[in-house]
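target_11.csv follows (CSV, C-alpha atoms):
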```
chain,number,residue,atom,x,y,z
A,80,MET,CA,8.9,-28.8,-5.9
A,81,ASP,CA,10.3,-29.4,-2.4
A,82,ALA,CA,7.7,-30.4,0.2
A,83,LEU,CA,9.7,-28.4,2.8
A,84,ASP,CA,9.2,-25.2,0.8
A,85,VAL,CA,5.4,-25.8,0.6
A,86,GLY,CA,5.4,-26.3,4.3
A,87,ARG,CA,7.2,-22.9,4.8
A,88,ILE,CA,4.5,-21.2,2.7
A,89,VAL,CA,1.7,-22.8,4.7
A,90,VAL,CA,3.2,-22.0,8.1
A,91,GLY,CA,4.1,-18.5,6.9
A,92,LEU,CA,0.4,-17.8,5.9
A,93,VAL,CA,-0.8,-18.9,9.4
A,94,LEU,CA,1.7,-16.6,11.1
A,95,LEU,CA,0.7,-13.7,8.9
A,96,VAL,CA,-3.0,-14.0,9.8
A,97,LEU,CA,-2.2,-14.2,13.6
A,98,GLY,CA,0.3,-11.3,13.3
A,99,GLY,CA,-2.2,-9.1,11.5
A,100,GLU,CA,-4.8,-9.8,14.1
A,101,PHE,CA,-2.5,-8.9,17.0
A,102,LEU,CA,-1.1,-5.8,15.2
A,103,VAL,CA,-4.5,-4.4,14.4
A,104,ARG,CA,-5.8,-5.0,18.0
A,105,GLY,CA,-2.8,-3.4,19.5
A,106,ALA,CA,-2.6,-0.4,17.1
A,107,SER,CA,-6.3,0.5,17.3
A,108,ALA,CA,-6.2,0.3,21.1
A,109,LEU,CA,-3.0,2.3,21.2
A,110,ALA,CA,-4.6,5.0,19.0
A,111,ARG,CA,-7.6,5.3,21.4
A,112,ARG,CA,-5.3,5.5,24.5
A,113,VAL,CA,-2.9,8.1,23.1
A,114,GLY,CA,-5.7,10.1,21.5
A,115,ILE,CA,-4.8,10.0,17.8
A,116,SER,CA,-6.8,8.6,14.9
A,117,SER,CA,-6.4,5.1,13.5
A,118,LEU,CA,-5.4,6.8,10.2
A,119,VAL,CA,-2.3,8.3,11.8
A,120,VAL,CA,-1.4,5.0,13.4
A,121,GLY,CA,-1.8,3.3,10.0
A,122,LEU,CA,0.3,5.9,8.3
A,123,THR,CA,3.1,5.6,10.9
A,124,VAL,CA,3.3,2.7,13.3
A,125,VAL,CA,1.5,0.0,11.3
A,126,SER,CA,3.0,1.0,7.9
A,127,ALA,CA,6.5,0.9,9.3
A,128,ALA,CA,5.8,-2.4,11.0
A,129,THR,CA,4.3,-4.1,8.0
A,130,SER,CA,7.1,-2.9,5.8
A,131,ALA,CA,9.7,-4.7,8.0
A,132,PRO,CA,9.8,-7.7,5.7
A,133,GLU,CA,10.5,-5.5,2.7
A,134,LEU,CA,13.3,-3.8,4.6
A,135,ALA,CA,14.9,-7.1,5.6
A,136,VAL,CA,14.7,-8.5,2.1
A,137,THR,CA,16.0,-5.4,0.4
A,138,VAL,CA,19.0,-5.0,2.8
A,139,GLY,CA,19.8,-8.7,2.4
A,140,ALA,CA,19.6,-8.4,-1.4
A,141,VAL,CA,21.9,-5.4,-1.4
A,142,LEU,CA,24.4,-7.2,0.8
A,143,ARG,CA,24.2,-10.2,-1.5
A,144,ASP,CA,24.8,-8.0,-4.5
A,145,GLU,CA,21.3,-8.7,-6.0
A,146,PRO,CA,20.1,-5.2,-6.9
A,147,GLY,CA,17.3,-6.5,-9.1
A,148,LEU,CA,15.7,-8.3,-6.2
A,149,ALA,CA,16.0,-5.2,-4.0
A,150,VAL,CA,14.5,-2.8,-6.5
A,151,GLY,CA,11.9,-5.4,-7.7
A,152,ASN,CA,10.8,-6.0,-4.1
A,153,VAL,CA,10.0,-2.4,-3.4
A,154,VAL,CA,8.5,-1.5,-6.8
A,155,GLY,CA,6.5,-4.7,-6.9
A,156,SER,CA,5.3,-4.3,-3.3
A,157,ASN,CA,4.0,-0.8,-4.0
A,158,ILE,CA,2.1,-2.1,-7.0
A,159,VAL,CA,0.7,-4.9,-4.9
A,160,ASN,CA,-0.2,-2.6,-2.1
A,161,VAL,CA,-2.4,-0.3,-4.2
A,162,LEU,CA,-3.8,-2.7,-6.8
A,163,LEU,CA,-4.1,-6.0,-4.9
A,164,ILE,CA,-4.3,-5.2,-1.2
A,165,LEU,CA,-6.6,-2.1,-1.5
A,166,GLY,CA,-8.6,-4.0,-4.2
A,167,ILE,CA,-9.2,-7.1,-2.0
A,168,SER,CA,-9.9,-4.9,1.1
A,169,ALA,CA,-12.5,-2.9,-0.9
A,170,LEU,CA,-14.1,-6.1,-2.1
A,171,VAL,CA,-14.5,-7.2,1.6
A,172,LEU,CA,-16.0,-3.8,2.5
A,173,PRO,CA,-15.9,-0.3,0.7
A,174,LEU,CA,-13.0,1.7,2.2
A,175,ALA,CA,-13.4,5.1,3.8
A,176,VAL,CA,-10.8,7.8,2.7
A,177,LYS,CA,-10.3,10.8,4.9
A,178,GLN,CA,-9.9,14.2,3.4
A,179,ARG,CA,-6.6,14.6,5.1
A,180,LEU,CA,-5.3,11.5,3.3
A,181,VAL,CA,-6.4,12.9,-0.1
A,182,ARG,CA,-5.0,16.4,0.5
A,183,PHE,CA,-1.6,15.4,2.0
A,184,ASP,CA,-0.6,11.7,2.1
A,185,LEU,CA,-1.8,10.5,-1.3
A,186,PRO,CA,-0.1,13.4,-3.2
A,187,LEU,CA,3.1,12.7,-1.3
A,188,MET,CA,2.9,9.1,-2.3
A,189,VAL,CA,2.6,10.1,-5.9
A,190,ALA,CA,5.4,12.7,-5.5
A,191,MET,CA,7.7,10.1,-4.0
A,192,SER,CA,6.9,7.7,-6.8
A,193,VAL,CA,7.8,10.4,-9.4
A,194,ALA,CA,11.0,11.1,-7.4
A,195,LEU,CA,12.0,7.4,-7.4
A,196,LEU,CA,11.5,7.2,-11.2
A,197,LEU,CA,13.5,10.4,-11.8
A,198,VAL,CA,16.5,9.5,-9.6
A,199,SER,CA,16.6,6.0,-11.3
A,200,LEU,CA,16.8,7.4,-14.8
A,201,ASP,CA,20.6,7.3,-14.7
A,202,GLY,CA,20.5,3.6,-13.7
A,203,ARG,CA,21.4,4.0,-10.1
A,204,ILE,CA,20.0,5.2,-6.8
A,205,SER,CA,22.9,7.0,-5.3
A,206,ALA,CA,23.6,7.8,-1.6
A,207,VAL,CA,22.4,11.4,-2.2
A,208,ASP,CA,19.2,10.1,-3.7
A,209,GLY,CA,18.7,7.8,-0.8
A,210,LEU,CA,19.3,10.7,1.7
A,211,ILE,CA,16.6,12.8,-0.1
A,212,LEU,CA,14.1,10.0,-0.1
A,213,PHE,CA,14.8,9.1,3.6
A,214,CYS,CA,14.5,12.7,4.7
A,215,ALA,CA,11.1,13.0,3.0
A,216,VAL,CA,9.8,10.1,5.1
A,217,VAL,CA,11.1,11.7,8.3
A,218,VAL,CA,9.4,15.0,7.5
A,219,HIS,CA,6.2,13.2,6.6
A,220,THR,CA,6.2,11.3,9.9
A,221,VAL,CA,6.8,14.4,11.9
A,222,LEU,CA,4.1,16.4,10.1
A,223,THR,CA,1.7,13.6,10.5
A,224,VAL,CA,2.1,13.4,14.2
A,225,VAL,CA,2.1,17.2,14.7
A,226,ILE,CA,-1.1,17.6,12.6
A,227,SER,CA,-2.8,14.8,14.4
A,228,ARG,CA,-2.0,16.2,17.8
A,229,ARG,CA,-3.2,19.6,16.7
A,230,ASP,CA,-6.5,18.2,15.3
A,231,ALA,CA,-7.0,16.1,18.5
A,232,LYS,CA,-7.0,19.4,20.6
A,233,SER,CA,-9.6,20.9,18.3
A,234,PRO,CA,-13.1,20.1,19.7
A,235,ALA,CA,-14.8,20.8,16.4
A,236,ARG,CA,-12.7,18.5,14.5
A,237,ALA,CA,-12.7,15.8,17.1
A,238,ALA,CA,-16.4,15.7,17.3
A,239,VAL,CA,-17.0,14.9,13.6
A,240,PRO,CA,-14.4,12.5,12.2
A,241,ALA,CA,-14.1,12.8,8.4
A,242,GLY,CA,-14.3,9.8,6.2
A,243,GLY,CA,-16.4,7.7,8.6
A,244,SER,CA,-13.7,6.7,10.9
A,245,SER,CA,-14.9,4.1,13.4
A,246,VAL,CA,-12.5,5.2,16.2
A,247,PRO,CA,-14.6,6.4,19.1
A,248,GLU,CA,-14.1,10.1,19.9
A,249,ALA,CA,-16.7,10.6,22.5
A,250,ALA,CA,-15.9,9.3,26.0
A,251,GLY,CA,-19.5,9.2,27.1
A,252,GLU,CA,-20.6,6.1,25.2
A,253,GLY,CA,-21.1,3.5,27.9
A,254,ALA,CA,-21.4,0.7,25.4
A,255,GLU,CA,-17.8,1.2,24.1
A,256,PRO,CA,-15.4,-1.2,25.8
A,257,GLN,CA,-12.4,0.4,27.5
A,258,PRO,CA,-9.3,0.0,25.3
A,259,ALA,CA,-6.3,-2.0,26.6
A,260,SER,CA,-3.5,-0.3,28.5
A,261,ILE,CA,-0.6,1.3,26.6
A,262,GLY,CA,1.7,-1.5,27.8
A,263,ARG,CA,-0.5,-4.3,26.7
A,264,SER,CA,-1.2,-2.5,23.4
A,265,LEU,CA,2.5,-2.1,22.7
A,266,LEU,CA,3.0,-5.8,23.6
A,267,LEU,CA,0.3,-6.8,21.0
A,268,VAL,CA,2.0,-4.5,18.4
A,269,VAL,CA,5.5,-6.0,19.0
A,270,LEU,CA,4.0,-9.6,19.0
A,271,GLY,CA,2.1,-8.9,15.8
A,272,VAL,CA,5.2,-7.5,14.1
A,273,ALA,CA,7.3,-10.5,15.1
A,274,LEU,CA,4.7,-12.9,13.8
A,275,LEU,CA,4.3,-10.9,10.5
A,276,VAL,CA,8.1,-10.8,9.9
A,277,GLY,CA,8.5,-14.4,10.8
A,278,GLY,CA,5.6,-15.5,8.6
A,279,ALA,CA,6.7,-13.3,5.7
A,280,THR,CA,10.3,-14.6,5.9
A,281,LEU,CA,9.1,-18.3,5.8
A,282,LEU,CA,6.7,-17.7,3.0
A,283,VAL,CA,9.2,-15.7,0.9
A,284,GLU,CA,11.9,-18.2,1.4
A,285,GLY,CA,9.7,-21.1,0.3
A,286,ALA,CA,8.3,-19.1,-2.7
A,287,VAL,CA,11.7,-17.9,-3.9
A,288,ASN,CA,13.1,-21.4,-3.7
A,289,ILE,CA,10.3,-22.7,-5.8
A,290,ALA,CA,10.6,-19.8,-8.3
A,291,THR,CA,14.3,-20.0,-8.7
A,292,THR,CA,14.1,-23.7,-9.6
A,293,LEU,CA,11.9,-22.7,-12.5
A,294,GLY,CA,14.7,-20.4,-13.8
A,295,VAL,CA,13.1,-17.0,-13.2
A,296,SER,CA,15.3,-13.9,-13.0
A,297,SER,CA,15.8,-12.0,-9.7
A,298,LEU,CA,14.0,-8.9,-10.9
A,299,VAL,CA,10.9,-10.9,-11.9
A,300,VAL,CA,11.1,-12.9,-8.6
A,301,GLY,CA,11.3,-9.5,-6.7
A,302,LEU,CA,8.4,-8.0,-8.7
A,303,THR,CA,6.1,-11.0,-8.2
A,304,VAL,CA,6.8,-13.7,-5.6
A,305,VAL,CA,8.8,-11.6,-3.1
A,306,ALA,CA,6.7,-8.5,-3.6
A,307,VAL,CA,3.5,-10.4,-2.8
A,308,GLY,CA,5.1,-12.3,0.0
A,309,THR,CA,6.5,-9.3,1.7
A,310,SER,CA,3.3,-7.4,1.2
A,311,LEU,CA,1.2,-10.1,2.9
A,312,PRO,CA,1.6,-8.4,6.3
A,313,GLU,CA,-0.1,-5.3,4.7
A,314,LEU,CA,-2.8,-7.6,3.2
A,315,ALA,CA,-3.5,-9.4,6.5
A,316,THR,CA,-3.5,-6.2,8.5
A,317,SER,CA,-5.7,-4.3,6.0
A,318,ILE,CA,-8.3,-7.1,5.7
A,319,ILE,CA,-8.5,-7.6,9.5
A,320,ALA,CA,-8.7,-3.9,10.0
A,321,VAL,CA,-11.6,-3.7,7.6
A,322,ARG,CA,-13.4,-6.6,9.2
A,323,ARG,CA,-13.0,-4.9,12.6
A,324,GLY,CA,-14.4,-1.6,11.3
A,325,GLU,CA,-11.0,0.3,11.2
A,326,ARG,CA,-11.4,1.2,7.5
A,327,ASP,CA,-9.2,4.3,7.6
A,328,LEU,CA,-6.5,2.3,9.2
A,329,ALA,CA,-6.5,-0.1,6.2
A,330,VAL,CA,-6.1,2.8,3.7
A,331,GLY,CA,-3.5,4.6,5.9
A,332,ASN,CA,-1.5,1.3,6.2
A,333,VAL,CA,-1.2,1.0,2.4
A,334,VAL,CA,-0.4,4.6,1.7
A,335,GLY,CA,2.0,4.9,4.6
A,336,SER,CA,3.7,1.6,3.6
A,337,ASN,CA,4.3,2.8,0.1
A,338,ILE,CA,5.8,6.0,1.3
A,339,PHE,CA,8.0,4.0,3.8
A,340,ASN,CA,9.0,1.6,1.1
A,341,ILE,CA,10.4,4.3,-1.2
A,342,GLY,CA,12.0,6.5,1.5
A,343,VAL,CA,13.3,3.9,4.0
A,344,VAL,CA,13.3,0.4,2.4
A,345,LEU,CA,15.1,1.7,-0.7
A,346,GLY,CA,16.5,5.0,0.6
A,347,LEU,CA,18.3,3.6,3.6
A,348,PRO,CA,20.2,0.9,1.8
A,349,ALA,CA,21.2,3.3,-0.9
A,350,LEU,CA,22.3,5.7,1.8
A,351,ILE,CA,24.6,3.2,3.5
A,352,SER,CA,25.8,1.6,0.3
A,353,PRO,CA,29.0,3.2,-1.1
A,354,GLU,CA,28.0,2.7,-4.7
A,355,GLY,CA,24.3,3.1,-4.3
A,356,ILE,CA,21.8,0.6,-5.8
A,357,PRO,CA,21.9,-0.2,-9.5
A,358,VAL,CA,18.5,-0.1,-11.3
A,359,SER,CA,17.9,-2.1,-14.4
A,360,SER,CA,16.6,-0.4,-17.6
A,361,ALA,CA,13.6,-2.8,-17.6
A,362,ALA,CA,12.5,-1.5,-14.2
A,363,VAL,CA,12.8,2.1,-15.2
A,364,ALA,CA,11.1,1.6,-18.6
A,365,PHE,CA,8.1,-0.4,-17.4
A,366,ASP,CA,7.7,-1.4,-13.7
A,367,MET,CA,8.3,2.0,-12.1
A,368,PRO,CA,5.9,3.7,-14.5
A,369,VAL,CA,3.3,1.1,-13.6
A,370,MET,CA,4.0,1.8,-9.9
A,371,LEU,CA,3.5,5.5,-10.6
A,372,ALA,CA,0.3,4.9,-12.6
A,373,ALA,CA,-1.2,2.8,-9.8
A,374,ALA,CA,-0.5,5.6,-7.3
A,375,VAL,CA,-2.0,8.2,-9.6
A,376,ALA,CA,-5.1,6.0,-10.3
A,377,LEU,CA,-5.9,6.1,-6.6
A,378,LEU,CA,-6.2,9.9,-6.5
A,379,PRO,CA,-9.4,10.4,-8.5
A,380,ILE,CA,-11.0,7.4,-6.9
A,381,ALA,CA,-10.3,8.7,-3.4
A,382,PHE,CA,-11.2,12.3,-4.4
A,383,THR,CA,-14.6,11.7,-6.0
A,384,GLY,CA,-16.4,9.9,-3.2
A,385,PHE,CA,-13.8,9.8,-0.4
A,386,ALA,CA,-14.1,6.1,-0.6
A,387,VAL,CA,-12.9,3.1,-2.6
A,388,ALA,CA,-16.0,1.2,-3.7
A,389,ARG,CA,-16.3,-2.6,-4.4
A,390,TRP,CA,-16.3,-2.1,-8.2
A,391,GLU,CA,-13.1,0.0,-8.0
A,392,GLY,CA,-11.5,-2.7,-5.8
A,393,ALA,CA,-12.5,-5.3,-8.4
A,394,LEU,CA,-10.9,-3.1,-11.1
A,395,PHE,CA,-7.7,-2.8,-9.2
A,396,VAL,CA,-7.4,-6.6,-8.7
A,397,ALA,CA,-8.0,-7.2,-12.4
A,398,LEU,CA,-5.3,-4.7,-13.3
A,399,TYR,CA,-2.9,-6.4,-10.9
A,400,LEU,CA,-3.6,-9.8,-12.5
A,401,ALA,CA,-3.1,-8.3,-15.9
A,402,TYR,CA,0.2,-6.7,-14.9
A,403,THR,CA,1.5,-10.0,-13.3
A,404,GLY,CA,0.4,-11.9,-16.4
A,405,TYR,CA,2.5,-9.6,-18.6
A,406,VAL,CA,5.6,-9.8,-16.3
A,407,VAL,CA,5.4,-13.6,-16.3
A,408,LEU,CA,4.9,-13.9,-20.0
A,409,ALA,CA,7.7,-11.4,-20.7
A,410,ALA,CA,10.1,-13.3,-18.5
A,411,THR,CA,9.4,-16.7,-20.0
A,412,PRO,CA,9.2,-15.5,-23.0
A,413,HIS,CA,5.9,-17.1,-24.0
A,414,ASP,CA,4.3,-17.2,-27.5
A,415,ALA,CA,1.1,-15.6,-26.0
A,416,LEU,CA,3.0,-12.4,-25.1
A,417,GLU,CA,2.4,-10.6,-28.3
A,418,GLY,CA,-1.3,-11.3,-28.4
A,419,PHE,CA,-1.7,-10.5,-24.7
A,420,THR,CA,0.1,-7.2,-25.1
A,421,ALA,CA,-2.0,-6.2,-28.1
A,422,VAL,CA,-5.3,-7.0,-26.3
A,423,MET,CA,-4.2,-5.0,-23.2
A,424,ALA,CA,-2.9,-2.0,-25.2
A,425,TRP,CA,-5.7,-1.6,-27.7
A,426,PHE,CA,-8.8,-2.9,-25.8
A,427,VAL,CA,-8.5,-3.4,-22.1
A,428,LEU,CA,-6.6,-0.3,-21.0
A,429,PRO,CA,-8.6,2.1,-23.2
A,430,LEU,CA,-11.8,0.5,-21.8
A,431,ILE,CA,-10.6,1.0,-18.3
A,432,ALA,CA,-9.6,4.6,-19.0
A,433,VAL,CA,-13.1,5.4,-20.4
A,434,THR,CA,-14.8,3.7,-17.5
A,435,LEU,CA,-12.7,5.6,-14.9
A,436,ILE,CA,-13.3,9.0,-16.7
A,437,SER,CA,-17.0,8.3,-16.9
A,438,PHE,CA,-17.5,7.3,-13.3
A,439,THR,CA,-15.3,10.2,-12.1
A,440,ALA,CA,-17.4,12.7,-14.0
A,441,TYR,CA,-20.5,11.0,-12.6
A,442,GLU,CA,-19.2,11.3,-9.0
A,443,ILE,CA,-18.2,14.9,-9.5
A,444,GLY,CA,-21.7,15.7,-10.9
A,445,LEU,CA,-23.3,14.1,-7.9
A,446,ARG,CA,-21.1,16.1,-5.5
A,447,GLN,CA,-21.9,19.3,-7.3
A,448,GLY,CA,-25.6,18.4,-7.2
A,449,ARG,CA,-25.5,18.0,-3.4
A,450,ARG,CA,-23.8,21.4,-3.0
A,451,ASP,CA,-26.5,23.0,-5.2
A,452,PRO,CA,-29.8,21.1,-4.7
A,453,GLY,CA,-31.9,23.9,-6.3
A,454,ARG,CA,-30.2,23.3,-9.7
A,455,THR,CA,-31.1,19.6,-9.7
A,456,THR,CA,-34.7,19.8,-8.7
A,457,SER,CA,-35.8,20.4,-12.3
A,458,SER,CA,-33.9,17.5,-13.7
A,459,PRO,CA,-35.8,14.1,-14.0
```

Kindly transcribe the structure held in the file into structure tokens.
Amino acid sequence: MDALDVGRIVVGLVLLVLGGEFLVRGASALARRVGISSLVVGLTVVSAATSAPELAVTVGAVLRDEPGLAVGNVVGSNIVNVLLILGISALVLPLAVKQRLVRFDLPLMVAMSVALLLVSLDGRISAVDGLILFCAVVVHTVLTVVISRRDAKSPARAAVPAGGSSVPEAAGEGAEPQPASIGRSLLLVVLGVALLVGGATLLVEGAVNIATTLGVSSLVVGLTVVAVGTSLPELATSIIAVRRGERDLAVGNVVGSNIFNIGVVLGLPALISPEGIPVSSAAVAFDMPVMLAAAVALLPIAFTGFAVARWEGALFVALYLAYTGYVVLAATPHDALEGFTAVMAWFVLPLIAVTLISFTAYEIGLRQGRRDPGRTTSSP
């Protein structure tokens, strides 16, 4: 293990923390100045900015003829975003989920995950497939901005922010500090993005050098080391946003980043590549379905209580660790793989499914009880 690579990882982590702080400060101030919610900023500006490392790595991998790294980076990053980043963020503080996100953005994330799996069944993401995915992101961005501007003009909607957003809507609160100017906010965003990209680049370079010396394949490196490394901007941004009270920005950042990853980070290189991007059968058979399952798992959690609780965050983190353990054991291959797979398939996953179904039914029952309090008065 080279000491220089370890140094790259350490410096990269420092830059990521600083970049996340600057980006959240600039984005939240920009949202208040322009008059749109932090959720919309997270779905558009912040998600595109924090996905810059994924885009750089994927384009570079395609140009170097390493499609496994390109696909593994995007698929792994989307898994990391939902299971690890949202999980850790929810452990710091339960996350608020706006109804708009549940009704529009989360279903679109699931739909694009399904679309990516379907277009990859033939073993290649063609230029036409890339164009369709890219256009979906463009339409989503336009609709997000249009709907936000329309809601901002509605006094009734502006007065009561759904999902507990902490972005101040009333101008009469004297204790609320005046947000920074648009110019300074944009400068903070640009500086934050630059630090995030630089930090992620250093960290990924050091981690990949260490991983490749251990003889790990490019797909596995993309799914694990590079995916986590390029998703660290999302992690830093989400945790800092949560700690600063911008909980809807944290969720919007992850959901918007996943949509951006599929439509732009994979769609754009496939669009400009003459032969498209080859997709391995292993990614289609296992990793893309896991990505889709993670996206689908977020729907009932967000629907039931319009929040991601701490126990749900802990469950997500545990699932990510189990997934990573399987990928590493399968790549080795290790003698423990068979036993690990049996325990996951016959005990852990069924237990998780029963737990999710039980808590979802419980939350739905609570919501129905709130809507009809007369029916619940006779119950103990």

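Among the candidates A:Asp184, A:Glu284, A:Glu100, A:Glu145, the one nearest to Val305 in chain A when counting all atoms listed in the file is A:Glu284.
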
Inset, instruction - Could you tell me how far CA of Pro353 in chain A lies from CA of Ala194 in chain A, in Å and to one decimal? - result: 20.6 Å

Inset, instruction - Rounded to one decimal place, report the CA of Ala169 in chain A-CA of Ala376 in chain A distance in Å. - result: 14.9 Å

Legend entry - Residues within 12 Å of Phe365 in chain A, all atoms listed in the file, excluding chain neighbours under 3 positions, as a VMD selection string: chain A and resid 151 154 to 155 196 200 302 359 to 362 368 to 372 402 405 to 406 409

Inset, instruction - Give me the residues within 10 Å of Cys214 in chain A as a list of chain:residue names, counting all atoms listed in the file and dropping any in the same chain fewer than 6 places off. - result: A:Asp208, A:Thr220, A:Gly342, A:Val343, A:Gly346, A:Leu347

Take range 323-331 of chain A, model all heavy atoms, and hand the result over as a PDB file, in the frame of the given file.
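Result file follows (result07.pdb):
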```pdb
ATOM      1  N   ARG A 323     -12.772  -5.434  11.249  1.00  0.00           N
ATOM      2  CA  ARG A 323     -13.000  -4.900  12.600  1.00  0.00           C
ATOM      3  C   ARG A 323     -13.513  -3.484  12.603  1.00  0.00           C
ATOM      4  O   ARG A 323     -13.649  -2.868  13.652  1.00  0.00           O
ATOM      5  CB  ARG A 323     -11.669  -4.982  13.390  1.00  0.00           C
ATOM      6  CG  ARG A 323     -11.226  -6.393  13.717  1.00  0.00           C
ATOM      7  CD  ARG A 323      -9.882  -6.394  14.426  1.00  0.00           C
ATOM      8  NE  ARG A 323      -9.905  -5.618  15.649  1.00  0.00           N
ATOM      9  CZ  ARG A 323     -10.333  -6.069  16.823  1.00  0.00           C
ATOM     10  NH1 ARG A 323     -10.756  -7.313  16.911  1.00  0.00           N
ATOM     11  NH2 ARG A 323     -10.330  -5.306  17.887  1.00  0.00           N
ATOM     12  N   GLY A 324     -13.804  -2.939  11.424  1.00  0.00           N
ATOM     13  CA  GLY A 324     -14.400  -1.600  11.300  1.00  0.00           C
ATOM     14  C   GLY A 324     -13.377  -0.479  11.252  1.00  0.00           C
ATOM     15  O   GLY A 324     -13.763   0.686  11.207  1.00  0.00           O
ATOM     16  N   GLU A 325     -12.075  -0.772  11.221  1.00  0.00           N
ATOM     17  CA  GLU A 325     -11.000   0.300  11.200  1.00  0.00           C
ATOM     18  C   GLU A 325     -10.668   0.508   9.687  1.00  0.00           C
ATOM     19  O   GLU A 325      -9.560   0.243   9.229  1.00  0.00           O
ATOM     20  CB  GLU A 325      -9.794  -0.195  11.943  1.00  0.00           C
ATOM     21  CG  GLU A 325     -10.063  -0.593  13.380  1.00  0.00           C
ATOM     22  CD  GLU A 325     -10.223   0.621  14.286  1.00  0.00           C
ATOM     23  OE1 GLU A 325     -10.062   1.757  13.797  1.00  0.00           O
ATOM     24  OE2 GLU A 325     -10.515   0.433  15.473  1.00  0.00           O
ATOM     25  N   ARG A 326     -11.620   1.051   8.912  1.00  0.00           N
ATOM     26  CA  ARG A 326     -11.400   1.200   7.500  1.00  0.00           C
ATOM     27  C   ARG A 326     -10.380   2.217   7.102  1.00  0.00           C
ATOM     28  O   ARG A 326      -9.684   2.074   6.104  1.00  0.00           O
ATOM     29  CB  ARG A 326     -12.754   1.487   6.786  1.00  0.00           C
ATOM     30  CG  ARG A 326     -13.763   0.346   6.878  1.00  0.00           C
ATOM     31  CD  ARG A 326     -14.971   0.612   6.011  1.00  0.00           C
ATOM     32  NE  ARG A 326     -15.767   1.730   6.502  1.00  0.00           N
ATOM     33  CZ  ARG A 326     -16.739   2.324   5.814  1.00  0.00           C
ATOM     34  NH1 ARG A 326     -17.013   1.905   4.587  1.00  0.00           N
ATOM     35  NH2 ARG A 326     -17.425   3.308   6.336  1.00  0.00           N
ATOM     36  N   ASP A 327     -10.263   3.284   7.886  1.00  0.00           N
ATOM     37  CA  ASP A 327      -9.200   4.300   7.600  1.00  0.00           C
ATOM     38  C   ASP A 327      -7.852   3.788   7.934  1.00  0.00           C
ATOM     39  O   ASP A 327      -6.856   4.193   7.322  1.00  0.00           O
ATOM     40  CB  ASP A 327      -9.539   5.617   8.278  1.00  0.00           C
ATOM     41  CG  ASP A 327      -9.772   5.440   9.773  1.00  0.00           C
ATOM     42  OD1 ASP A 327      -9.980   4.287  10.202  1.00  0.00           O
ATOM     43  OD2 ASP A 327      -9.743   6.440  10.498  1.00  0.00           O
ATOM     44  N   LEU A 328      -7.752   2.871   8.912  1.00  0.00           N
ATOM     45  CA  LEU A 328      -6.500   2.300   9.200  1.00  0.00           C
ATOM     46  C   LEU A 328      -5.965   1.432   8.054  1.00  0.00           C
ATOM     47  O   LEU A 328      -4.768   1.403   7.758  1.00  0.00           O
ATOM     48  CB  LEU A 328      -6.574   1.413  10.493  1.00  0.00           C
ATOM     49  CG  LEU A 328      -5.277   0.864  11.110  1.00  0.00           C
ATOM     50  CD1 LEU A 328      -5.443   0.704  12.621  1.00  0.00           C
ATOM     51  CD2 LEU A 328      -4.866  -0.474  10.516  1.00  0.00           C
ATOM     52  N   ALA A 329      -6.893   0.759   7.359  1.00  0.00           N
ATOM     53  CA  ALA A 329      -6.500  -0.100   6.200  1.00  0.00           C
ATOM     54  C   ALA A 329      -5.919   0.787   5.101  1.00  0.00           C
ATOM     55  O   ALA A 329      -4.872   0.460   4.526  1.00  0.00           O
ATOM     56  CB  ALA A 329      -7.730  -0.843   5.700  1.00  0.00           C
ATOM     57  N   VAL A 330      -6.570   1.906   4.772  1.00  0.00           N
ATOM     58  CA  VAL A 330      -6.100   2.800   3.700  1.00  0.00           C
ATOM     59  C   VAL A 330      -4.772   3.451   4.155  1.00  0.00           C
ATOM     60  O   VAL A 330      -3.802   3.538   3.393  1.00  0.00           O
ATOM     61  CB  VAL A 330      -7.119   3.839   3.331  1.00  0.00           C
ATOM     62  CG1 VAL A 330      -6.600   4.734   2.211  1.00  0.00           C
ATOM     63  CG2 VAL A 330      -8.411   3.168   2.896  1.00  0.00           C
ATOM     64  N   GLY A 331      -4.737   3.931   5.392  1.00  0.00           N
ATOM     65  CA  GLY A 331      -3.500   4.600   5.900  1.00  0.00           C
ATOM     66  C   GLY A 331      -2.346   3.618   5.925  1.00  0.00           C
ATOM     67  O   GLY A 331      -1.204   4.009   5.658  1.00  0.00           O
TER      68      GLY A 331
END
```
